[in-house]
Amino acid sequence: MKRIIPVIILVVTLLTGFVQLQAQDKSKSSEPAVSVLRFNCISTSDDSIQLIATVSIKHEEGSKNLANAPVVFYATGTDGDKKIGEVKTDFHGEAILKIPAKNQYPRNEQQMLNLKATYEGNDKFEASEGEFGLKPAKLKVSFYEEDSVRYVKVEGTQLNADGTETSIGAVDLTVGIPKLFSVLKIADISLDSTGVGSAEFPGGIIGDSLGNLTVIASIEEHEIFGNVKGYSSNSWGLQKHLISPDRPTRELWTPIAPLWMIITLIVMLLGVWGHYMYAVIQLVLINKSSGKTKKESKS
C-alpha cells in the first residue's frame with residue numbers, strides 16, 4: 001500500500017499538468033492573432049496619389065500576408081476622420097487605392113495631407129492601422145541633347161491647398177531604369193531652388209526590341225513630400241535583338257546559352273557518365289573473376 005500511494009500521487013500530478021497545458025492551448029487558440037498594417041503613399045506623375053496598405057499576420061513561424069482583408073482609408077483632420085474608400089487586400093496582402101492629387105481633403109498647417117489606413121480585424125485577427133503624411137507633389141521627366149551629349153531633366157512641383165502649383169524647391173532625387181526585380185540607378189540629381197535639375201544620360205543600356213527605356217525619377221521618404229515618382233520613356237537604349245548572345249543582359253534567360261555554361265555542362269555530364277561506365281566495367285570484371293575462381297575450385 002505504501003508503494004501504491006507515491007504512484008497515485010505521480011499520476012495525479014501528471015494528469016493535472018496535462019489538463020493545465022490543454023487549457024493554456026485553448027486559451028491561446030481563442031486569442032486573436034496579431035496583425036500588422038504597413039501603410040505607404042506615393043505621389044505619381046499622373047496627378048494622383050497611390051495609397052498602399054499591406055496587412056500581415058504574425059505567427060510563431062514568422063509573418064504571413066493576409067488576403068481578402070477589408071482596409072478602410074481615411075483623411076484625418078481637426079474635424080475628425082473623413083472616409084476615402086474601402087479596398088480588400090489581394091493575394092499578396094496589398095490594398096491599393098488611387099485618389100486625385102487635387103482634392104478637398106483637410107490639410108494641416110504645413111499643407112500636408114494626413115492619411116490613415118485601418119483594418120478592423122475579426123475573431124481570428126486583431127485590428128491594426130497605419131498613418132502617413134505628405135504634401136502632394138509631381139516630378140516631370142524629360143530628355144534633351146546638347147553638343148551630342150544626352151541629358152535627363154527633372155522638374156518638380158508641389159500642389160498647394162488652393163489648387164495652384166509652385167516649385168518643389170531644392171530636393172535630392174534619384175533617376176533609374178526598372179529591371180526585373182529592382183531599379184538600376186543611373187544618376188543622382190539635386191534640384192535647384194526653382195525645382196529643376198539635370199544629369200548626363202549614360203549609354204549602353206539595353207532596352208526592348210525597339211530600344212525603348214522607361215525612366216523613373218524618385219523622391220523617397222521626404223519629411224514633407226513623402227514618396228514621389230515621375231515616369232517617362234525614350235528610345236536611347238540598345239535594341240535587344242542586336243545584342244550578342246554572349247553579352248550579359250538584364251534577363252534570366254537567353255536564346256543561346258553562354259559558352260562557359262555549355263563547357264561546364266559537358267564536363268559535368270562526362271564526369272557522371274564516366275562514373276557509370278567505371279561502375280559497369282568493375283561489375284563485369286568482378287563477374288569474370290568470380291567465374292574463374294569457381295572453375296579453379298572445381299578442378
# chains A, B, ... in the order shown; residues from 1 in each chain; ligands from 1
>>> residues_around(residues="region 48-52 of chain A", least_positions_apart="4", cutoff="12 Å", atoms="only C-alpha atoms", output="PyMOL selection string")
chain A and resi 37-44+71-75+84-90+92-103+113-118+130-139+159+225-230
>>> residues_around(residues="Asp123 (chain A)", least_positions_apart="3", cutoff="9 Å", atoms="only C-alpha atoms", output="PDB file with C-alpha atoms, in the first residue's frame")
ATOM      1  CA  SER A  30      -9.039  31.537 -28.633  1.00  0.00           C
ATOM      2  CA  GLU A  31      -6.970  34.734 -28.618  1.00  0.00           C
ATOM      3  CA  PRO A  32      -6.905  36.588 -31.975  1.00  0.00           C
ATOM      4  CA  ALA A  33      -3.594  36.645 -33.845  1.00  0.00           C
ATOM      5  CA  GLU A 126      -6.586  41.747 -34.198  1.00  0.00           C
TER       6      GLU A 126
END
>>> select_by_dssp(residues="region 19-261 of chain A", states="helix (DSSP H, G or I)", output="MDAnalysis selection string")
chainID A and resid 19:30 240:242 259:261
>>> select_by_dssp(residues="region 145-230 of chain A", states="strand (DSSP E)", output="CSV table (one decimal) with C-alpha atoms, in the first residue's frame")
chain,number,residue,atom,x,y,z
A,145,GLU,CA,20.6,66.6,-76.3
A,146,GLU,CA,23.3,69.2,-76.2
A,149,VAL,CA,25.5,64.6,-75.2
A,150,ARG,CA,22.3,63.2,-73.9
A,151,TYR,CA,20.7,64.5,-70.7
A,152,VAL,CA,17.7,63.7,-68.5
A,153,LYS,CA,15.9,66.6,-67.0
A,154,VAL,CA,13.6,66.6,-63.9
A,155,GLU,CA,11.2,69.4,-62.9
A,156,GLY,CA,9.5,69.2,-59.5
A,157,THR,CA,6.3,71.0,-58.5
A,158,GLN,CA,4.1,70.9,-55.3
A,159,LEU,CA,0.4,71.2,-55.2
A,165,GLU,CA,1.3,74.6,-58.4
A,166,THR,CA,4.7,76.0,-57.3
A,167,SER,CA,8.3,74.9,-57.4
A,172,ASP,CA,17.6,65.5,-53.9
A,173,LEU,CA,16.3,62.6,-56.0
A,174,THR,CA,17.5,59.6,-58.0
A,175,VAL,CA,16.9,58.6,-61.6
A,176,GLY,CA,16.7,54.9,-62.5
A,177,ILE,CA,15.5,52.3,-65.0
A,178,PRO,CA,13.4,49.4,-63.8
A,183,VAL,CA,15.7,49.7,-60.3
A,184,LEU,CA,19.0,50.4,-62.0
A,185,LYS,CA,20.1,53.8,-60.7
A,186,ILE,CA,21.7,55.9,-63.5
A,187,ALA,CA,22.0,59.3,-61.8
A,188,ASP,CA,21.6,61.4,-58.7
A,189,ILE,CA,20.1,64.8,-59.2
A,190,SER,CA,19.9,67.8,-56.8
A,196,VAL,CA,14.8,71.9,-61.9
A,197,GLY,CA,17.8,69.6,-62.3
A,198,SER,CA,19.5,67.5,-65.0
A,199,ALA,CA,22.2,64.9,-65.4
A,200,GLU,CA,24.0,63.1,-68.3
A,213,LEU,CA,13.6,52.6,-72.0
A,214,THR,CA,11.3,53.6,-69.1
A,215,VAL,CA,13.0,56.2,-66.8
A,216,ILE,CA,11.8,56.8,-63.2
A,217,ALA,CA,12.7,59.8,-61.1
A,218,SER,CA,12.1,59.2,-57.4
A,219,ILE,CA,12.0,61.1,-54.1
A,220,GLU,CA,11.9,58.7,-51.2
A,221,GLU,CA,10.8,59.3,-47.6
A,222,HIS,CA,11.0,63.1,-47.7
A,226,GLY,CA,6.9,61.6,-48.7
A,227,ASN,CA,7.4,59.4,-51.8
A,228,VAL,CA,7.2,61.0,-55.3
A,229,LYS,CA,7.7,59.2,-58.6
A,230,GLY,CA,7.8,60.5,-62.1
>>> closest_residue(among="A:Asp147, A:Glu109, A:Asp192, A:Asp79", to="Ile168 (chain A)", atoms="only C-alpha atoms")
A:Asp192
>>> residues_around(residues="Gly211 (chain A)", least_positions_apart="6", cutoff="9 Å", atoms="only C-alpha atoms", output="PyMOL selection string")
chain A and resi 205+234-240
>>> write_last_selection(atoms="N, CA and C atoms", output="compact mmCIF listing (two decimals), in the first residue's frame")
# COMPACT_ATOMS: atom_id res chain seq x y z
N ILE A 205 22.79 51.09 -72.37
CA ILE A 205 21.76 50.41 -71.59
C ILE A 205 20.82 49.67 -72.55
N ASN A 234 12.07 56.96 -73.36
CA ASN A 234 12.84 57.42 -74.52
C ASN A 234 13.29 56.21 -75.32
N SER A 235 13.92 56.45 -76.44
CA SER A 235 14.40 55.37 -77.31
C SER A 235 15.93 55.37 -77.38
N TRP A 236 16.59 55.70 -76.28
CA TRP A 236 18.04 55.80 -76.26
C TRP A 236 18.71 54.49 -75.84
N GLY A 237 17.96 53.45 -75.67
CA GLY A 237 18.55 52.17 -75.29
C GLY A 237 19.02 51.37 -76.49
N LEU A 238 19.80 50.33 -76.23
CA LEU A 238 20.23 49.42 -77.29
C LEU A 238 19.12 48.44 -77.60
N GLN A 239 18.90 48.19 -78.87
CA GLN A 239 17.86 47.25 -79.26
C GLN A 239 18.26 45.83 -78.84
N LYS A 240 17.33 45.14 -78.22
CA LYS A 240 17.65 43.86 -77.62
C LYS A 240 18.08 42.82 -78.66
